[in-house]
$ cat final21.cif   # mmCIF, C-alpha atoms and all ligand atoms
data_protein
loop_
_atom_site.label_atom_id
_atom_site.label_comp_id
_atom_site.auth_asym_id
_atom_site.auth_seq_id
_atom_site.Cartn_x
_atom_site.Cartn_y
_atom_site.Cartn_z
CA MET A 1 -48.32 -25.59 52.26
CA ASN A 2 -45.23 -23.49 52.49
CA ILE A 3 -43.52 -26.05 50.43
CA TYR A 4 -44.75 -24.40 47.22
CA TYR A 5 -43.23 -21.04 47.99
CA PRO A 6 -39.64 -22.17 48.01
CA SER A 7 -40.27 -24.14 44.83
CA LYS A 8 -41.79 -21.03 43.24
CA ASN A 9 -38.79 -19.09 44.40
CA ILE A 10 -36.53 -21.75 43.04
CA PHE A 11 -38.42 -21.59 39.79
CA THR A 12 -38.09 -17.80 39.74
CA ASN A 13 -34.39 -18.08 40.51
CA ASP A 14 -33.98 -20.65 37.79
CA HIS A 15 -35.65 -18.37 35.32
CA THR A 16 -33.51 -15.42 36.31
CA SER A 17 -30.34 -17.43 36.18
CA SER A 18 -31.24 -18.86 32.78
CA ILE A 19 -31.72 -15.29 31.48
CA MET A 20 -28.42 -14.41 33.03
CA GLU A 21 -26.80 -17.46 31.53
CA TYR A 22 -28.27 -16.59 28.19
CA GLY A 23 -26.90 -13.09 28.57
CA VAL A 24 -23.47 -14.35 29.50
CA ILE A 25 -23.46 -16.78 26.58
CA THR A 26 -24.56 -14.06 24.16
CA ALA A 27 -22.00 -11.60 25.50
CA SER A 28 -19.30 -14.27 25.32
CA PHE A 29 -20.34 -15.08 21.79
CA PHE A 30 -19.98 -11.46 20.72
CA LEU A 31 -16.73 -11.09 22.61
CA VAL A 32 -15.27 -14.17 21.00
CA SER A 33 -16.51 -13.06 17.58
CA ALA A 34 -15.03 -9.58 18.06
CA LEU A 35 -11.78 -11.15 19.22
CA ALA A 36 -11.76 -13.45 16.19
CA ILE A 37 -12.28 -10.48 13.86
CA ILE A 38 -9.56 -8.50 15.62
CA LEU A 39 -7.20 -11.47 15.39
CA GLN A 40 -8.03 -12.02 11.74
CA VAL A 41 -7.50 -8.35 10.97
CA PHE A 42 -4.28 -8.32 12.99
CA PHE A 43 -2.81 -11.41 11.36
CA THR A 44 -4.08 -11.01 7.82
CA SER A 45 -3.99 -7.22 7.34
CA PRO A 46 -1.76 -6.60 4.31
CA ILE A 47 -0.70 -3.15 5.53
CA SER A 48 1.34 -1.57 8.30
CA PRO A 49 -0.36 1.81 8.33
CA ASP A 50 0.61 5.31 9.34
CA LEU A 51 -1.94 8.09 9.78
CA LEU A 52 -2.37 10.44 6.85
CA ASP A 53 -1.92 14.21 7.18
CA LEU A 54 -4.78 15.92 5.41
CA PRO A 55 -4.37 19.36 3.83
CA PRO A 56 -5.94 22.29 5.75
CA GLU A 57 -9.50 23.28 4.88
CA PRO A 58 -9.28 25.57 1.84
CA SER A 59 -10.50 29.18 2.04
CA SER A 60 -10.01 30.86 -1.38
CA HIS A 61 -12.88 31.07 -3.89
CA LEU A 62 -10.75 28.95 -6.23
CA PHE A 63 -11.59 26.09 -3.91
CA THR A 64 -15.35 26.44 -4.24
CA PRO A 65 -16.71 23.61 -6.41
CA ASN A 66 -18.46 24.50 -9.68
CA ASN A 67 -20.11 22.26 -12.26
CA HIS A 68 -18.13 23.17 -15.39
CA LEU A 69 -17.14 19.56 -16.03
CA GLN A 70 -20.80 18.66 -16.45
CA GLY A 71 -20.68 20.59 -19.76
CA VAL A 72 -18.29 18.19 -21.52
CA ILE A 73 -19.05 16.77 -24.96
CA LYS A 74 -18.64 12.99 -24.90
CA LEU A 75 -16.20 11.64 -27.51
CA GLY A 76 -16.04 7.96 -28.45
CA GLU A 77 -18.82 7.09 -25.99
CA GLY A 78 -19.20 3.33 -25.58
CA ILE A 79 -15.99 2.41 -27.40
CA LEU A 80 -13.48 3.73 -24.85
CA ASN A 81 -13.25 1.51 -21.79
CA LYS A 82 -12.01 3.76 -18.97
CA PRO A 83 -9.44 5.84 -20.87
CA GLU A 84 -7.01 6.73 -18.05
CA GLY A 85 -4.26 8.75 -19.78
CA LEU A 86 -4.15 11.07 -22.80
CA CYS A 87 -1.51 12.43 -25.18
CA VAL A 88 -1.40 14.19 -28.54
CA ASP A 89 1.01 13.86 -31.47
CA GLN A 90 2.48 16.57 -33.73
CA LYS A 91 -0.42 16.19 -36.19
CA GLY A 92 -3.06 16.80 -33.50
CA MET A 93 -4.18 13.18 -33.11
CA LEU A 94 -5.30 12.28 -29.57
CA TYR A 95 -4.23 8.94 -28.06
CA THR A 96 -5.52 7.01 -25.06
CA ALA A 97 -4.99 3.56 -23.53
CA THR A 98 -8.14 1.65 -22.57
CA ARG A 99 -8.83 -1.17 -20.06
CA ASP A 100 -9.03 -3.74 -22.90
CA GLY A 101 -5.32 -3.33 -23.71
CA TRP A 102 -5.79 -1.08 -26.75
CA ILE A 103 -4.21 2.19 -27.77
CA LYS A 104 -7.02 4.07 -29.51
CA ARG A 105 -6.67 7.36 -31.35
CA LEU A 106 -8.90 10.17 -32.50
CA HIS A 107 -8.23 11.44 -36.03
CA THR A 108 -8.61 15.17 -36.63
CA ASN A 109 -11.71 14.37 -38.73
CA GLY A 110 -13.42 13.04 -35.58
CA THR A 111 -13.08 9.31 -36.28
CA TRP A 112 -11.78 6.96 -33.59
CA GLU A 113 -9.40 4.22 -34.65
CA ASN A 114 -8.49 1.06 -32.74
CA TRP A 115 -4.86 1.69 -33.49
CA LYS A 116 -2.77 -0.87 -31.61
CA LYS A 117 -3.65 -3.81 -29.39
CA ILE A 118 -0.91 -4.11 -26.76
CA HIS A 119 -2.22 -7.11 -24.79
CA ASN A 120 -5.35 -8.41 -23.07
CA ARG A 121 -4.81 -6.80 -19.69
CA HIS A 122 -6.28 -3.64 -18.21
CA THR A 123 -2.92 -2.37 -16.96
CA LEU A 124 -2.05 0.39 -19.47
CA LEU A 125 -1.75 3.81 -17.82
CA GLY A 126 0.01 7.08 -18.74
CA LEU A 127 1.37 7.66 -22.24
CA THR A 128 3.33 10.20 -24.27
CA ILE A 129 4.56 10.85 -27.82
CA THR A 130 8.30 11.44 -28.28
CA ARG A 131 9.87 14.02 -30.58
CA THR A 132 10.69 11.23 -33.06
CA GLY A 133 7.00 10.24 -33.17
CA ASP A 134 7.08 7.06 -31.07
CA LEU A 135 4.36 6.40 -28.52
CA ILE A 136 5.51 5.36 -25.04
CA VAL A 137 2.95 3.79 -22.70
CA CYS A 138 3.27 2.76 -19.05
CA ASP A 139 2.18 -0.74 -18.20
CA ALA A 140 1.54 -1.54 -14.53
CA GLU A 141 3.01 -5.01 -14.99
CA GLU A 142 5.80 -4.59 -17.55
CA GLY A 143 7.29 -1.10 -17.28
CA LEU A 144 7.54 1.04 -20.42
CA ILE A 145 6.40 -0.12 -23.87
CA LYS A 146 7.33 1.72 -27.07
CA VAL A 147 5.05 1.64 -30.12
CA SER A 148 6.69 3.02 -33.26
CA GLU A 149 4.73 4.90 -35.92
CA ASP A 150 4.64 1.71 -38.03
CA GLY A 151 3.12 -0.15 -35.06
CA ALA A 152 6.20 -2.16 -33.98
CA MET A 153 6.30 -2.78 -30.22
CA THR A 154 9.42 -2.81 -28.00
CA ALA A 155 9.71 -3.30 -24.25
CA LEU A 156 11.91 -0.49 -22.93
CA ALA A 157 12.33 -0.16 -19.18
CA THR A 158 11.39 -3.53 -17.69
CA HIS A 159 14.03 -3.88 -14.93
CA ILE A 160 15.95 -1.79 -12.47
CA ASN A 161 18.90 -3.31 -10.57
CA GLY A 162 17.73 -6.78 -11.62
CA GLU A 163 14.18 -6.32 -10.30
CA ASN A 164 11.04 -6.15 -12.40
CA ILE A 165 9.52 -2.70 -12.70
CA ARG A 166 5.91 -2.81 -11.49
CA PHE A 167 3.25 -0.14 -11.46
CA ALA A 168 4.83 2.25 -13.98
CA ASP A 169 2.25 5.04 -13.97
CA ASP A 170 3.12 8.06 -16.14
CA VAL A 171 5.94 9.10 -18.47
CA ALA A 172 7.35 12.29 -20.04
CA GLU A 173 10.25 12.85 -22.45
CA ALA A 174 12.93 15.41 -21.59
CA GLY A 175 14.78 17.53 -24.19
CA ASP A 176 17.76 15.13 -24.22
CA GLY A 177 15.48 12.19 -25.12
CA SER A 178 15.48 10.68 -21.60
CA LEU A 179 12.17 9.21 -20.47
CA TYR A 180 11.26 10.12 -16.92
CA PHE A 181 8.55 7.93 -15.45
CA SER A 182 6.85 7.30 -12.13
CA VAL A 183 6.40 4.04 -10.25
CA ALA A 184 3.33 4.57 -8.09
CA SER A 185 4.28 1.96 -5.51
CA THR A 186 7.04 -0.61 -5.16
CA LYS A 187 5.02 -2.46 -2.50
CA PHE A 188 1.48 -2.65 -3.88
CA GLY A 189 0.26 -3.35 -7.42
CA LEU A 190 -2.42 -1.70 -9.53
CA HIS A 191 -5.16 -3.92 -8.03
CA ASP A 192 -4.10 -2.95 -4.52
CA ALA A 193 -3.52 0.76 -5.16
CA HIS A 194 -5.91 1.63 -2.33
CA LEU A 195 -3.72 -0.31 0.12
CA ASP A 196 -0.83 2.03 -0.62
CA MET A 197 -3.03 4.97 0.37
CA LEU A 198 -4.34 3.18 3.49
CA GLU A 199 -0.80 2.29 4.53
CA ALA A 200 0.26 5.92 3.90
CA LYS A 201 3.96 5.09 3.66
CA PRO A 202 5.85 6.44 0.64
CA HIS A 203 6.72 3.53 -1.68
CA GLY A 204 6.76 5.54 -4.94
CA GLN A 205 9.69 6.38 -7.20
CA LEU A 206 10.72 8.53 -10.13
CA LEU A 207 12.86 6.61 -12.64
CA LYS A 208 14.75 7.61 -15.78
CA TYR A 209 15.25 5.56 -18.93
CA ASP A 210 18.24 6.59 -21.04
CA PRO A 211 17.54 5.70 -24.70
CA PHE A 212 21.26 5.72 -25.56
CA THR A 213 22.56 3.37 -22.85
CA MET A 214 19.12 1.67 -22.65
CA GLU A 215 19.48 1.71 -18.87
CA THR A 216 17.00 2.62 -16.18
CA SER A 217 18.12 4.49 -13.08
CA LEU A 218 16.54 5.73 -9.86
CA VAL A 219 15.97 9.49 -9.70
CA LEU A 220 13.79 9.95 -6.59
CA ASP A 221 12.74 7.45 -3.96
CA GLY A 222 10.22 7.60 -1.10
CA LEU A 223 7.43 9.36 -3.01
CA ALA A 224 3.84 9.15 -1.78
CA PHE A 225 2.22 7.27 -4.70
CA ALA A 226 4.23 8.82 -7.56
CA ASN A 227 1.71 9.59 -10.28
CA GLY A 228 1.64 12.20 -13.10
CA VAL A 229 4.92 13.40 -14.64
CA ALA A 230 5.31 16.50 -16.86
CA ILE A 231 8.22 18.65 -18.03
CA SER A 232 8.11 22.46 -18.12
CA SER A 233 8.01 24.20 -21.51
CA ASP A 234 11.50 25.66 -20.95
CA GLN A 235 12.82 22.17 -20.00
CA GLU A 236 14.14 23.61 -16.73
CA PHE A 237 12.22 21.36 -14.40
CA LEU A 238 10.03 18.30 -14.14
CA VAL A 239 6.89 17.99 -12.02
CA VAL A 240 5.97 14.69 -10.36
CA CYS A 241 2.70 14.35 -8.42
CA GLU A 242 2.42 12.60 -5.06
CA THR A 243 -1.18 11.48 -4.92
CA TRP A 244 -1.94 11.05 -1.26
CA LYS A 245 0.31 13.92 -0.15
CA PHE A 246 -1.94 16.35 -2.04
CA ARG A 247 1.14 17.86 -3.67
CA CYS A 248 3.48 17.83 -6.67
CA LEU A 249 7.25 18.12 -6.50
CA LYS A 250 9.53 20.11 -8.78
CA TYR A 251 12.68 18.24 -9.81
CA TRP A 252 15.20 20.59 -11.42
CA LEU A 253 16.67 19.52 -14.76
CA LYS A 254 18.63 22.68 -15.63
CA GLU A 255 22.39 22.33 -15.40
CA GLU A 256 23.27 24.59 -12.46
CA ILE A 257 20.82 23.07 -9.96
CA ARG A 258 20.15 19.70 -11.57
CA GLY A 259 18.72 17.21 -9.04
CA LYS A 260 17.45 19.83 -6.58
CA VAL A 261 13.90 19.13 -5.35
CA ASP A 262 11.34 21.79 -4.36
CA ILE A 263 7.62 21.68 -3.73
CA PHE A 264 5.83 22.77 -6.93
CA ILE A 265 2.39 22.96 -5.31
CA ASP A 266 0.99 21.58 -2.05
CA ASN A 267 -2.33 21.61 -0.17
CA LEU A 268 -4.17 20.84 -3.40
CA PRO A 269 -7.98 20.57 -3.03
CA GLY A 270 -7.73 16.92 -4.10
CA SER A 271 -5.17 14.18 -4.69
CA PRO A 272 -3.18 14.76 -7.90
CA ASP A 273 -3.29 12.08 -10.59
CA ASN A 274 -1.95 12.84 -14.10
CA ILE A 275 -0.42 16.22 -15.02
CA ASN A 276 -0.01 17.62 -18.53
CA LEU A 277 1.77 20.68 -19.91
CA ALA A 278 -0.60 23.21 -21.54
CA PRO A 279 0.32 25.26 -24.65
CA ASP A 280 0.80 28.44 -22.56
CA GLY A 281 3.32 26.76 -20.21
CA SER A 282 0.85 26.13 -17.39
CA PHE A 283 -0.22 22.63 -16.31
CA TRP A 284 -3.50 20.73 -16.03
CA ILE A 285 -3.76 18.36 -13.08
CA ALA A 286 -6.60 15.89 -12.52
CA LEU A 287 -7.53 15.60 -8.83
CA LEU A 288 -9.07 12.60 -7.06
CA GLN A 289 -11.30 12.58 -3.98
CA LEU A 290 -9.45 10.65 -1.29
CA THR A 291 -10.90 12.71 1.56
CA SER A 292 -14.65 12.53 1.28
CA SER A 293 -16.36 12.92 4.66
CA ARG A 294 -16.55 9.13 4.95
CA MET A 295 -12.85 8.71 4.18
CA LYS A 296 -11.71 11.41 6.60
CA PHE A 297 -12.14 9.33 9.69
CA VAL A 298 -10.45 6.37 8.00
CA HIS A 299 -7.27 8.44 7.66
CA SER A 300 -7.25 9.03 11.42
CA SER A 301 -7.52 5.44 12.68
CA LYS A 302 -5.01 2.64 12.19
CA ALA A 303 -7.54 0.06 13.40
CA ILE A 304 -10.05 1.09 10.73
CA LYS A 305 -7.29 1.07 8.11
CA HIS A 306 -6.46 -2.53 9.07
CA LEU A 307 -10.15 -3.43 8.94
CA LEU A 308 -10.67 -1.87 5.47
CA ALA A 309 -7.44 -3.37 4.14
CA THR A 310 -8.57 -6.83 5.29
CA PHE A 311 -12.13 -6.59 3.99
CA PRO A 312 -12.19 -5.06 0.47
CA LYS A 313 -16.03 -5.00 0.45
CA LEU A 314 -15.96 -2.66 3.45
CA TYR A 315 -13.46 -0.46 1.64
CA ASP A 316 -15.81 -0.25 -1.36
CA GLN A 317 -18.43 1.21 0.98
CA VAL A 318 -16.30 4.24 1.88
CA ASN A 319 -14.38 4.68 -1.37
CA ALA A 320 -15.59 7.83 -3.17
CA LEU A 321 -13.16 7.98 -6.13
CA ASP A 322 -15.95 7.35 -8.62
CA LYS A 323 -18.37 9.86 -7.08
CA SER A 324 -16.95 13.15 -8.40
CA ALA A 325 -14.39 14.75 -10.73
CA MET A 326 -12.03 17.70 -10.48
CA ALA A 327 -9.22 19.26 -12.50
CA VAL A 328 -7.11 22.35 -11.88
CA ASN A 329 -5.02 24.59 -14.10
CA VAL A 330 -1.78 25.53 -12.32
CA GLY A 331 0.69 28.16 -13.56
CA SER A 332 4.38 27.36 -14.00
CA ASP A 333 4.81 29.30 -10.73
CA GLY A 334 2.72 26.66 -8.91
CA LYS A 335 -0.36 28.87 -8.38
CA ILE A 336 -3.89 27.65 -9.13
CA ILE A 337 -5.47 29.60 -12.01
CA LYS A 338 -8.70 27.72 -12.66
CA ARG A 339 -10.73 24.87 -11.26
CA LEU A 340 -13.28 22.63 -12.98
CA ASP A 341 -15.60 20.18 -11.19
CA ASP A 342 -18.35 17.68 -11.55
CA PRO A 343 -19.10 17.61 -7.80
CA SER A 344 -21.74 14.87 -8.02
CA GLY A 345 -20.07 12.83 -10.77
CA GLU A 346 -23.25 13.26 -12.80
CA VAL A 347 -21.50 13.46 -16.20
CA MET A 348 -17.87 12.64 -15.44
CA ALA A 349 -16.34 10.96 -12.40
CA PHE A 350 -12.90 9.66 -11.43
CA VAL A 351 -11.25 12.02 -13.95
CA THR A 352 -7.60 10.94 -14.08
CA SER A 353 -6.17 13.25 -16.75
CA ALA A 354 -6.74 16.63 -18.40
CA LEU A 355 -4.99 17.65 -21.63
CA GLU A 356 -5.24 20.95 -23.52
CA PHE A 357 -4.49 21.53 -27.19
CA ASN A 358 -5.96 23.50 -30.11
CA GLY A 359 -8.25 25.49 -27.80
CA LYS A 360 -9.89 22.42 -26.28
CA LEU A 361 -9.60 20.46 -23.07
CA TYR A 362 -9.81 16.67 -23.05
CA PHE A 363 -10.49 14.51 -19.98
CA GLY A 364 -9.69 10.84 -19.34
CA SER A 365 -11.37 8.82 -16.59
CA LEU A 366 -11.24 5.46 -14.84
CA LYS A 367 -15.03 5.44 -14.53
CA ASN A 368 -16.43 6.66 -17.85
CA ASP A 369 -16.56 5.05 -21.29
CA PHE A 370 -15.71 8.23 -23.22
CA VAL A 371 -13.23 11.11 -23.38
CA GLY A 372 -14.79 14.38 -22.23
CA MET A 373 -14.13 17.48 -24.37
CA LEU A 374 -14.62 21.08 -23.32
CA PRO A 375 -13.96 24.07 -25.62
CA ILE A 376 -12.00 26.71 -23.70
C1 LIG B 1 -10.85 10.07 -41.04
O1 LIG B 1 -9.48 9.90 -41.30
C2 LIG B 1 -9.00 8.56 -41.26
C3 LIG B 1 -7.48 8.58 -41.46
O2 LIG B 1 -7.11 9.33 -42.56
C4 LIG B 1 -9.73 7.72 -42.31
O3 LIG B 1 -9.29 6.39 -42.24
C5 LIG B 1 -11.22 7.80 -42.05
O4 LIG B 1 -11.92 7.11 -43.05
C6 LIG B 1 -11.69 9.25 -42.02
N1 LIG B 1 -13.08 9.27 -41.63
C7 LIG B 1 -13.98 10.08 -42.19
C8 LIG B 1 -15.38 9.97 -41.69
O5 LIG B 1 -13.68 10.87 -43.07
#

$ encode --input "final21.cif" --output "structure tokens"
Amino acid sequence: MNIYYPSKNIFTNDHTSSIMEYGVITASFFLVSALAIILQVFFTSPISPDLLDLPPEPSSHLFTPNNHLQGVIKLGEGILNKPEGLCVDQKGMLYTATRDGWIKRLHTNGTWENWKKIHNRHTLLGLTITRTGDLIVCDAEEGLIKVSEDGAMTALATHINGENIRFADDVAEAGDGSLYFSVASTKFGLHDAHLDMLEAKPHGQLLKYDPFTMETSLVLDGLAFANGVAISSDQEFLVVCETWKFRCLKYWLKEEIRGKVDIFIDNLPGSPDNINLAPDGSFWIALLQLTSSRMKFVHSSKAIKHLLATFPKLYDQVNALDKSAMAVNVGSDGKIIKRLDDPSGEVMAFVTSALEFNGKLYFGSLKNDFVGMLPI
């Protein structure tokens, strides 16, 4: 009779142990999977990250978001594919480079013209018009390209010290005809721009192209994603923006202190992209959102940086660049005068440049299919 009890007990024990076994197998499975992911991230992560110092929480009213950018008038809607940079010529014609490899321009009568097809890539970035009327555009794969008034194209700065120039980002002409331009990153390309920010090591440069010797030289090295470049109205200094350092540097051009570097503005309420000189001598800087609440914790963990760098789809989940827009007007003394936002990105998002002329402000973007215009 008793014989059944042990067998029941054995049965019970069997059941328990099979649950336990199942548990152990499941746990092992997850452990092995986690280990595999960690190993994959460790061995395939394209970055060797540092942590990023974020600017202190702002206090002044100038840092309170408004919705002024939601009032823009849309110019060229549907025909401008993500117009990143903007510039204006002596006659008041506005130029932009679009993701389809075109330079398009807005005549003063309000008509857009497909002016010059550069190539079939989406790598054209910042641009400027020289005093002699040539257009210079940065190409993230080829360096600087010159387009003369008659439409002839010339490759200008393509190499430095025998190496190809990659990721040329923005350009400005100094009074002596030199072209100063930024290289956002010497390590990562345009497609991997986010990796430069995740890595948070300064791979950017400021270069100079001399039109007389036709040579390119290094001006500043070790910049944190060198982006917008502008020259002061008195030609005394140049400003170069360091995107993920939330600041812009002042590089002195005037004779006595030529080459000296100061901070022009730091602790910006966003990450500076392009910068343009305004008619009154102040500057307009477009600011990107690299520190949304979701991104903040990314900047504080190397493991998460590795994870996001390895799995681009995960990065897309936290990236907030295309969720809002901001631009600030900064005096030549480096003080913020005005701030314009579209905090929800309802009308404009990912605004990359702001340009003022003839009493109007124009905005380029890597999200929208138009140039925004705001009367001042
Ligand atoms: C605007 O000006 C351009 C250049 O002069 C011309 O080609 C175009 O036809 C003009 N458009 C209108 C609507 O007047």

$ residues_around --input "final21.cif" --residues "Gln289 in chain A" --least-positions-apart "5" --cutoff "7 Å" --atoms "only C-alpha atoms" --output "PyMOL selection string"
chain A and resi 270-271+320-321

$ closest_residue --input "final21.cif" --among "A:Gly259, A:Gly281, A:Gly76, A:Pro49" --to "Phe357 in chain A" --atoms "all atoms listed in the file"
A:Gly281

$ residues_near_ligand --input "final21.cif" --ligand "ligand LIG 1 (chain B)" --cutoff "6 Å" --atoms "only C-alpha atoms and all ligand atoms" --output "list of chain:residue names"
A:His107, A:Asn109, A:Thr111

$ residues_around --input "final21.cif" --residues "Ser332 in chain A" --least-positions-apart "5" --cutoff "10 Å" --atoms "all atoms listed in the file" --output "ChimeraX atom specification"
/A:232-233,237,239,264-265,277-278,280-283

$ atom_distance --input "final21.cif" --atom1 "CA of Ala286 in chain A" --atom2 "CA of Pro312 in chain A"
25.3 Å

$ residues_around --input "final21.cif" --residues "Leu366 in chain A" --least-positions-apart "6" --cutoff "9 Å" --atoms "all atoms listed in the file" --output "MDAnalysis selection string"
chainID A and resid 81:84 99 322 349:352

$ atom_distance --input "final21.cif" --atom1 "CA of Val219 in chain A" --atom2 "CA of Leu207 in chain A"
5.2 Å
